[in-house]
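S.K.: Sharing upload17.csv (CSV, C-alpha atoms) below.
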```
chain,number,residue,atom,x,y,z
F,1,MET,CA,-35.1,31.1,-37.3
F,2,THR,CA,-36.0,34.2,-35.5
F,3,ASP,CA,-33.5,37.1,-35.1
F,4,SER,CA,-33.4,38.1,-31.5
F,5,ARG,CA,-32.7,41.7,-32.5
F,6,LYS,CA,-36.1,41.9,-34.2
F,7,ASP,CA,-38.0,39.7,-31.6
F,8,PRO,CA,-37.5,41.0,-28.1
F,9,GLY,CA,-39.1,37.8,-26.7
F,10,ASN,CA,-36.0,35.8,-27.7
F,11,ALA,CA,-33.5,38.4,-26.5
F,12,VAL,CA,-30.9,37.3,-23.9
F,13,PRO,CA,-30.6,39.8,-21.1
F,14,PRO,CA,-27.2,41.6,-21.0
F,15,LEU,CA,-24.6,40.0,-18.7
F,16,GLN,CA,-24.1,41.6,-15.3
F,17,ALA,CA,-20.9,41.5,-13.3
F,18,GLY,CA,-20.3,38.0,-12.0
F,19,ASP,CA,-22.7,36.3,-14.5
F,20,VAL,CA,-21.6,33.1,-16.2
F,21,ARG,CA,-21.1,33.7,-19.9
F,22,ASN,CA,-22.1,30.2,-21.0
F,23,ARG,CA,-25.1,28.9,-19.2
F,24,GLY,CA,-24.7,25.5,-21.0
F,25,ARG,CA,-21.2,25.2,-19.5
F,26,ARG,CA,-22.7,26.0,-16.1
F,27,ARG,CA,-25.3,23.2,-16.4
F,28,LEU,CA,-22.6,20.8,-17.5
F,29,LEU,CA,-20.4,21.7,-14.5
F,30,GLN,CA,-23.3,21.3,-12.2
F,31,ALA,CA,-24.2,17.9,-13.6
F,32,GLY,CA,-20.5,16.8,-13.4
F,33,ALA,CA,-20.3,17.8,-9.7
F,34,SER,CA,-23.3,15.6,-8.9
F,35,ALA,CA,-21.4,12.6,-10.5
F,36,VAL,CA,-18.4,12.9,-8.1
F,37,PRO,CA,-20.0,10.9,-5.3
F,38,VAL,CA,-20.7,8.0,-7.7
F,39,VAL,CA,-17.1,8.0,-9.0
F,40,MET,CA,-15.7,8.2,-5.5
F,41,THR,CA,-17.9,5.2,-4.4
F,42,VAL,CA,-16.6,3.1,-7.3
F,43,ALA,CA,-13.0,4.0,-6.4
F,44,SER,CA,-13.4,3.0,-2.7
F,45,ARG,CA,-11.4,0.2,-1.2
F,46,PRO,CA,-12.7,-3.4,-1.2
F,47,VAL,CA,-14.6,-4.8,1.7
F,48,LEU,CA,-12.7,-6.3,4.7
F,49,ALA,CA,-9.5,-4.2,4.0
F,50,GLN,CA,-8.3,-6.4,1.1
F,51,VAL,CA,-5.8,-5.1,-1.4
F,52,GLN,CA,-4.8,-6.6,-4.7
F,53,CYS,CA,-1.2,-7.6,-4.2
F,54,LEU,CA,1.7,-8.6,-6.4
F,55,THR,CA,4.9,-10.5,-6.0
F,56,PRO,CA,8.0,-8.3,-5.6
F,57,SER,CA,9.0,-9.0,-9.3
F,58,ALA,CA,5.5,-8.2,-10.6
F,59,ALA,CA,5.4,-5.0,-8.4
F,60,VAL,CA,8.6,-3.9,-10.2
F,61,SER,CA,7.2,-4.4,-13.6
F,62,GLY,CA,3.7,-3.3,-12.7
F,63,ASN,CA,2.4,-6.4,-14.5
F,64,ALA,CA,0.3,-9.2,-13.1
F,65,SER,CA,1.0,-11.2,-16.3
F,66,GLY,CA,-2.7,-11.9,-17.0
F,67,GLN,CA,-3.0,-14.0,-13.8
F,68,ALA,CA,-6.1,-13.9,-11.7
F,69,ALA,CA,-6.2,-11.2,-9.1
F,70,VAL,CA,-4.8,-12.2,-5.7
F,71,PHE,CA,-5.9,-10.3,-2.6
F,72,CYS,CA,-4.0,-9.7,0.7
F,73,THR,CA,-5.4,-8.7,4.1
F,74,GLY,CA,-2.0,-8.1,5.8
F,75,VAL,CA,-1.8,-5.9,8.8
F,76,ALA,CA,0.8,-3.3,9.9
F,77,PRO,CA,3.5,-3.8,12.5
F,78,SER,CA,1.6,-1.5,14.9
F,79,VAL,CA,-1.4,-3.9,14.7
F,80,TRP,CA,0.8,-6.9,15.5
F,81,SER,CA,2.4,-5.1,18.4
F,82,GLY,CA,-1.0,-4.5,19.9
F,83,THR,CA,-2.4,-8.0,19.6
F,84,GLY,CA,-1.9,-10.9,21.9
F,85,THR,CA,-2.8,-13.4,19.2
F,86,TRP,CA,0.1,-14.4,17.0
F,87,PRO,CA,0.3,-17.3,14.6
F,88,THR,CA,1.2,-20.6,16.2
F,89,TYR,CA,4.5,-20.8,14.3
F,90,THR,CA,5.8,-17.6,16.0
F,91,LYS,CA,5.7,-16.2,19.5
F,92,ALA,CA,5.9,-12.6,20.6
F,93,THR,CA,8.5,-13.7,23.2
F,94,ALA,CA,10.8,-15.5,20.7
F,95,LYS,CA,14.0,-13.8,19.7
F,96,PHE,CA,14.2,-12.0,16.4
F,97,LYS,CA,17.5,-13.8,15.6
F,98,ASP,CA,15.7,-17.2,15.9
F,99,PHE,CA,13.7,-16.3,12.8
F,100,PHE,CA,16.0,-13.9,10.9
F,101,SER,CA,19.7,-14.0,10.1
F,102,PRO,CA,21.6,-11.8,10.7
F,103,ASP,CA,20.3,-10.5,14.0
F,104,LEU,CA,19.0,-6.9,14.1
F,105,LEU,CA,22.0,-4.7,14.2
F,106,GLY,CA,22.4,-2.9,17.6
F,107,HIS,CA,19.7,-5.0,19.3
F,108,ALA,CA,21.3,-8.3,20.3
F,109,ASN,CA,18.7,-10.8,21.6
F,110,ILE,CA,15.8,-8.5,21.0
F,111,LEU,CA,12.4,-10.2,21.2
F,112,MET,CA,9.9,-10.2,18.3
F,113,GLN,CA,7.4,-8.1,20.3
F,114,GLU,CA,10.2,-5.5,21.1
F,115,VAL,CA,11.1,-5.1,17.4
F,116,LEU,CA,7.5,-4.0,16.7
F,117,THR,CA,7.7,-1.3,19.3
F,118,LEU,CA,11.0,0.2,18.4
F,119,ALA,CA,11.0,3.9,17.6
F,120,ALA,CA,11.9,3.4,13.9
F,121,PRO,CA,12.6,6.4,11.7
F,122,ALA,CA,11.4,6.0,8.1
F,123,GLY,CA,13.9,4.1,6.0
F,124,SER,CA,15.9,2.9,9.0
F,125,ASN,CA,17.1,-0.7,9.6
F,126,ASP,CA,14.7,-0.9,12.5
F,127,GLU,CA,11.7,0.1,10.2
F,128,VAL,CA,12.7,-2.6,7.7
F,129,ALA,CA,12.9,-5.1,10.5
F,130,GLN,CA,9.4,-4.2,11.7
F,131,TYR,CA,7.9,-4.6,8.2
F,132,VAL,CA,9.8,-7.8,7.4
F,133,LEU,CA,8.6,-9.2,10.7
F,134,ALA,CA,5.0,-8.1,9.9
F,135,ALA,CA,5.4,-9.8,6.5
F,136,LEU,CA,6.4,-13.0,8.3
F,137,LEU,CA,3.4,-12.8,10.7
F,138,ASN,CA,1.0,-11.9,7.8
F,139,HIS,CA,2.3,-14.9,5.9
F,140,GLU,CA,2.0,-17.3,8.9
F,141,SER,CA,-1.6,-16.1,9.6
F,142,ASN,CA,-2.6,-16.6,5.9
F,143,LYS,CA,-3.2,-12.9,5.4
F,144,VAL,CA,-0.7,-12.8,2.5
F,145,PRO,CA,-0.7,-15.9,0.3
F,146,ASP,CA,2.4,-17.9,-0.2
F,147,SER,CA,2.1,-17.4,-4.0
F,148,ILE,CA,2.7,-13.6,-3.4
F,149,LEU,CA,5.3,-13.6,-0.6
F,150,PRO,CA,6.7,-17.0,0.3
F,151,LEU,CA,8.5,-17.5,3.5
F,152,ALA,CA,11.8,-18.1,1.7
F,153,VAL,CA,11.5,-14.6,0.0
F,154,ILE,CA,10.7,-12.9,3.3
F,155,HIS,CA,13.9,-14.4,4.7
F,156,LYS,CA,15.8,-13.5,1.6
F,157,ILE,CA,14.6,-9.9,1.8
F,158,TRP,CA,16.1,-9.5,5.3
F,159,ALA,CA,19.3,-11.4,4.4
F,160,ASP,CA,20.0,-9.4,1.2
F,161,TYR,CA,19.2,-6.1,2.9
F,162,ASN,CA,21.7,-6.9,5.6
F,163,ASN,CA,24.5,-8.3,3.4
F,164,GLY,CA,26.4,-5.0,3.5
F,165,ASN,CA,24.8,-2.8,0.8
F,166,GLY,CA,21.3,-2.3,2.3
F,167,THR,CA,19.3,-3.6,-0.7
F,168,TYR,CA,17.1,-6.6,-1.6
F,169,GLN,CA,17.9,-8.0,-5.0
F,170,VAL,CA,14.4,-8.4,-6.6
F,171,ASN,CA,15.7,-9.7,-9.9
F,172,GLY,CA,18.9,-9.5,-12.0
F,173,SER,CA,18.6,-5.8,-12.7
F,174,VAL,CA,16.4,-4.4,-9.9
F,175,SER,CA,17.0,-4.0,-6.2
F,176,PHE,CA,15.0,-2.4,-3.4
F,177,ASN,CA,16.5,-0.1,-0.8
F,178,GLY,CA,15.1,0.0,2.8
F,179,SER,CA,12.3,2.5,1.9
F,180,GLN,CA,11.3,0.5,-1.2
F,181,ILE,CA,11.2,-2.8,0.9
F,182,VAL,CA,8.9,-1.1,3.3
F,183,THR,CA,6.7,0.3,0.5
F,184,TYR,CA,6.4,-3.1,-1.1
F,185,ILE,CA,5.4,-4.8,2.1
F,186,LYS,CA,2.9,-2.0,2.8
F,187,SER,CA,1.3,-2.9,-0.6
F,188,THR,CA,0.3,-6.3,1.0
F,189,ILE,CA,-1.4,-4.6,3.9
F,190,GLY,CA,-5.1,-4.0,3.7
```
Represent the structure contained in this file as structure tokens.

M.R.:
Amino acid sequence: MTDSRKDPGNAVPPLQAGDVRNRGRRRLLQAGASAVPVVMTVASRPVLAQVQCLTPSAAVSGNASGQAAVFCTGVAPSVWSGTGTWPTYTKATAKFKDFFSPDLLGHANILMQEVLTLAAPAGSNDEVAQYVLAALLNHESNKVPDSILPLAVIHKIWADYNNGNGTYQVNGSVSFNGSQIVTYIKSTIG
């Protein structure tokens, strides 16, 4: 091995202000920066706005119990409010109380379409109503499979939430408040 002190051809020039001390580290960082677009591409969302979705109980535990992945293509309340095409089972001009019990507090005889256009602050009863209604429409249009969010569970979410304590009982030990209900239903939206 040649000693750089004796052989000026192997000498490393002295560092100047702003020089990188470890050129190898600099090459490594440059190589890493070029890999970012590849990683970001792999992490992008699936085609056709599908999301892997879970039942409420599985969402609580974060466990899909080894079952095959199920994908949802649900849409948000704002999308349903802007479309004239609703599932056959429901009508925009039907009353909310014809599908959900109890009626939406403070909005007697409100139409389904009107629920979707309410100015609903985050976590409010009106916002929960909008997302529960979107869950119903997504279910009826086969955007969210029955195996993930059956019609009976959608109705139970609304009934439990309005039973006086403002929560949906997911299982024996866990309940969702209004914001958590909305967050869960959003997880079924692509």

S.K.: Could you name the residues that touch range 96-98 of chain F at 8 Å or less, counting all atoms listed in the file, but leaving out those on the same chain fewer than 6 positions away, as a PyMOL selection string?

M.R.: chain F and resi 104+109-112+115

S.K.: Go through F:Ser78, F:Thr83, F:Asn142, F:Ser124 and flag the residue nearest Gln180 in chain F, using all atoms listed in the file for the distances.

M.R.: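 The closest residue to Gln180 in chain F is F:Ser124.
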
S.K.: Please report the interatomic distance between CA of Ile181 in chain F and CA of Val132 in chain F in Å with one decimal.

M.R.: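 Distance reported for this atom pair: 8.3 Å.
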
S.K.: Kindly indicate which residue among F:Ala59, F:Ala92, F:Cys53, F:Ile157 lies nearest to Trp80 in chain F, using all atoms listed in the file for the distances.

M.R.: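 Distance minimum relative to Trp80 in chain F lands on F:Ala92.
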
S.K.: Rounded to one decimal place, report the CA of Ala122 in chain F-CA of Ser179 in chain F distance in Å.

M.R.: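 If I compute the distance from CA of Ala122 in chain F to CA of Ser179 in chain F, I get 7.2 Å.
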
S.K.: Can you work out which one of F:Leu116, F:Ala159, F:Leu105, F:Ile189 has the shortest atom-to-atom distance to Gln52 in chain F, counting all atoms listed in the file?

M.R.: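 Closest candidate: F:Ile189.
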
S.K.: May I have the residues within 10 Å of Gly178 in chain F as a PDB file with C-alpha atoms, in the frame of the given file, using only C-alpha atoms and disregarding those fewer than 3 positions away in the same chain?

M.R.:
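Written file, around-v6.pdb:
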```pdb
ATOM      1  CA  ALA F 122      11.400   6.000   8.100  1.00  0.00           C
ATOM      2  CA  GLY F 123      13.900   4.100   6.000  1.00  0.00           C
ATOM      3  CA  SER F 124      15.900   2.900   9.000  1.00  0.00           C
ATOM      4  CA  ASN F 125      17.100  -0.700   9.600  1.00  0.00           C
ATOM      5  CA  ASP F 126      14.700  -0.900  12.500  1.00  0.00           C
ATOM      6  CA  GLU F 127      11.700   0.100  10.200  1.00  0.00           C
ATOM      7  CA  VAL F 128      12.700  -2.600   7.700  1.00  0.00           C
ATOM      8  CA  ALA F 129      12.900  -5.100  10.500  1.00  0.00           C
ATOM      9  CA  ILE F 157      14.600  -9.900   1.800  1.00  0.00           C
ATOM     10  CA  TRP F 158      16.100  -9.500   5.300  1.00  0.00           C
ATOM     11  CA  TYR F 161      19.200  -6.100   2.900  1.00  0.00           C
ATOM     12  CA  ASN F 162      21.700  -6.900   5.600  1.00  0.00           C
ATOM     13  CA  GLY F 166      21.300  -2.300   2.300  1.00  0.00           C
ATOM     14  CA  THR F 167      19.300  -3.600  -0.700  1.00  0.00           C
ATOM     15  CA  TYR F 168      17.100  -6.600  -1.600  1.00  0.00           C
ATOM     16  CA  ILE F 181      11.200  -2.800   0.900  1.00  0.00           C
ATOM     17  CA  VAL F 182       8.900  -1.100   3.300  1.00  0.00           C
ATOM     18  CA  THR F 183       6.700   0.300   0.500  1.00  0.00           C
TER      19      THR F 183
END
```

S.K.: For the atom pair CA of Phe71 in chain F and CA of Leu151 in chain F, what is the interatomic distance in Å to one decimal place?

M.R.: 17.2 Å

S.K.: Find, counting all atoms listed in the file, the residue in F:Gln169, F:Thr117, F:Ser141, F:Asn163 that gets nearest to Thr73 in chain F.

M.R.: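 Looking at the shortest contact to Thr73 in chain F, the residue is F:Ser141.
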
S.K.: Find, counting only C-alpha atoms, the residue in F:Ser147, F:Ser101, F:Ser81, F:Ser175 that gets nearest to Ala134 in chain F.

M.R.: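 Nearest candidate to Ala134 in chain F out of F:Ser147, F:Ser101, F:Ser81, F:Ser175: F:Ser81.
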